[in-house]
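S.K.: What follows is my_file.cif; its format and atoms are mmCIF, C-alpha atoms.
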```cif
data_model
#
loop_
_atom_site.label_atom_id
_atom_site.label_comp_id
_atom_site.auth_asym_id
_atom_site.auth_seq_id
_atom_site.Cartn_x
_atom_site.Cartn_y
_atom_site.Cartn_z
CA MET A 877 109.54 89.96 155.11
CA LYS A 878 109.68 88.01 158.34
CA ARG A 879 110.49 89.97 161.46
CA SER A 880 113.71 87.99 162.08
CA THR A 881 114.90 88.62 158.51
CA LEU A 882 114.11 92.29 158.85
CA LEU A 883 116.02 92.54 162.15
CA LEU A 884 118.97 90.68 160.67
CA THR A 885 119.00 92.91 157.59
CA LEU A 886 118.99 95.99 159.79
CA ALA A 887 121.83 94.58 161.90
CA LEU A 888 123.90 93.88 158.78
CA MET A 889 123.18 97.31 157.35
CA ALA A 890 124.25 98.97 160.59
CA ALA A 891 127.71 97.42 160.25
CA THR A 892 128.18 98.61 156.66
CA PRO A 893 129.43 102.22 157.17
CA ALA A 894 132.26 101.15 159.47
CA ALA A 895 133.34 98.48 157.03
CA PHE A 896 133.42 100.85 154.08
CA ALA A 897 135.43 103.34 156.11
CA SER A 898 137.97 100.70 157.11
CA SER A 899 138.18 99.45 153.53
CA PHE A 900 139.62 102.80 152.48
CA ALA A 901 141.99 103.16 155.42
CA GLY A 902 145.52 103.80 154.17
CA THR A 903 144.55 104.08 150.51
CA SER A 904 144.47 107.85 150.10
CA ALA A 905 146.97 109.55 147.81
CA GLY A 906 150.25 110.47 149.43
CA THR A 907 150.11 107.84 152.15
CA SER A 908 153.45 106.23 152.83
CA ALA A 909 153.80 102.49 152.52
CA GLY A 910 154.40 102.20 156.26
CA GLY A 911 151.25 104.16 157.06
CA SER A 912 149.27 102.08 154.63
CA SER A 913 150.50 98.88 156.19
CA ALA A 914 149.64 100.05 159.70
CA SER A 915 146.17 101.09 158.57
CA SER A 916 145.64 97.77 156.83
CA ASP A 917 146.66 95.88 159.95
CA ALA A 918 144.31 97.95 162.08
CA SER A 919 141.38 97.44 159.73
CA SER A 920 141.95 93.71 159.45
CA ASP A 921 141.97 93.46 163.24
CA SER A 922 138.71 95.36 163.60
CA SER A 923 135.59 93.25 163.77
CA SER A 924 133.61 95.12 161.12
CA GLY A 925 136.31 95.53 158.44
CA GLY A 926 137.07 91.90 157.74
CA ASP A 927 133.55 90.75 158.58
CA ASP A 928 131.89 92.87 155.98
CA LYS A 929 134.32 91.82 153.26
CA VAL A 930 133.48 88.18 153.92
CA VAL A 931 129.76 88.93 153.70
CA LEU A 932 130.03 91.09 150.59
CA ALA A 933 132.16 88.46 148.85
CA ALA A 934 129.33 85.96 149.37
CA ARG A 935 126.69 87.92 147.45
CA ASP A 936 126.95 85.83 144.27
CA ASP A 937 126.80 82.60 146.26
CA ALA A 938 123.85 83.96 148.25
CA ALA A 939 122.00 84.80 145.03
CA GLY A 940 122.51 81.26 143.73
CA PHE A 941 121.44 79.79 147.06
CA VAL A 942 118.23 81.85 147.15
CA ALA A 943 117.45 81.26 143.47
CA THR A 944 117.74 77.48 143.87
CA ASP A 945 115.93 77.41 147.22
CA GLY A 946 119.08 76.20 148.94
CA ALA A 947 120.20 73.58 146.43
CA ILE A 948 123.44 75.40 145.52
CA ARG A 949 125.76 76.26 148.40
CA GLY A 950 129.02 78.02 147.56
CA ALA A 951 132.14 78.15 149.71
CA GLN A 952 131.96 81.93 150.13
CA LEU A 953 128.36 81.70 151.34
CA GLU A 954 129.34 79.00 153.83
CA ALA A 955 132.13 81.22 155.15
CA ALA A 956 129.78 84.20 155.43
CA LEU A 957 127.09 82.18 157.24
CA ARG A 958 129.64 80.89 159.72
CA HIS A 959 131.08 84.37 160.17
CA LEU A 960 127.68 86.00 160.69
CA ARG A 961 126.64 83.42 163.25
CA ASP A 962 129.89 83.99 165.13
CA HIS A 963 129.59 87.79 165.17
CA VAL A 964 125.92 88.82 164.84
CA PRO A 965 123.70 87.57 167.69
CA GLN A 966 120.51 87.76 165.57
CA ALA A 967 122.09 85.50 162.95
CA ARG A 968 122.39 82.56 165.33
CA ASP A 969 118.65 81.85 165.21
CA ALA A 970 118.15 82.65 161.51
CA SER A 971 117.95 79.98 158.84
CA ASP A 972 120.54 79.78 156.08
CA LEU A 973 117.93 81.06 153.61
CA GLU A 974 117.09 84.05 155.82
CA LEU A 975 120.77 84.92 156.15
CA ALA A 976 121.32 84.59 152.38
CA GLN A 977 118.37 86.91 151.77
CA ALA A 978 119.78 89.38 154.28
CA ILE A 979 123.16 89.30 152.50
CA LEU A 980 121.41 90.13 149.23
CA ALA A 981 119.43 92.94 150.85
CA LYS A 982 122.58 94.57 152.13
#
```
Would you mind giving the structure from this file in structure tokens?

M.R.:
Amino acid sequence: MKRSTLLLTLALMAATPAAFASSFAGTSAGTSAGGSSASSDASSDSSSGGDDKVVLAARDDAAGFVATDGAIRGAQLEAALRHLRDHVPQARDASDLELAQAILAK
């Protein structure tokens, strides 16, 4: 694995725990609707909560992109690539293929 791909994969993996934690915010049993709404708003405003959902949603598109050596580009992958380049400094210099591989490795 190239060094840049490895660094990018590690950066993406570092963001994962926070995203999973925010994904469950406000969903525990006994939470009032108001509390759930406030938690949802807070998690959607956080940088890792929404970011990770965009990246995880692109896994199928990333698999198709990698399998076809870049011939198939899905809308979810495009959104994830754009999002990663906006929020992960290491992603700015990575190729689309490297980013797709990093998404799959996550």

S.K.: Let me make sure I understand: among A:Ala947, A:Ala970, A:Leu975, A:Leu960, which one has the smallest atom-to-atom distance to Lys929 in chain A if we use all atoms listed in the file?

M.R.: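 Distance minimum relative to Lys929 in chain A lands on A:Leu960.
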
S.K.: For CA of Ala956 in chain A and CA of Val930 in chain A, determine how far apart the two atoms are, in Å to one decimal place.

M.R.: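 According to the coordinates, CA of Ala956 in chain A and CA of Val930 in chain A are separated by 5.6 Å.
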
S.K.: State, in Å with one decimal place, the distance from CA of Ala938 in chain A to CA of Leu953 in chain A.

M.R.: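 Between CA of Ala938 in chain A and CA of Leu953 in chain A the gap is 5.9 Å.
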
S.K.: Name the residues captured by the PyMOL selection byres ((chain A and resi 934) around 12) when it is applied to the shown file; answer as number ranges by chain.

M.R.: A: 927-933, 935-941, 949-960, 975-980, 982

S.K.: Mind pulling up the distance from CA of Val964 in chain A to CA of Asp945 in chain A?

M.R.: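 Between CA of Asp945 in chain A and CA of Val964 in chain A the gap works out to 23.2 Å.
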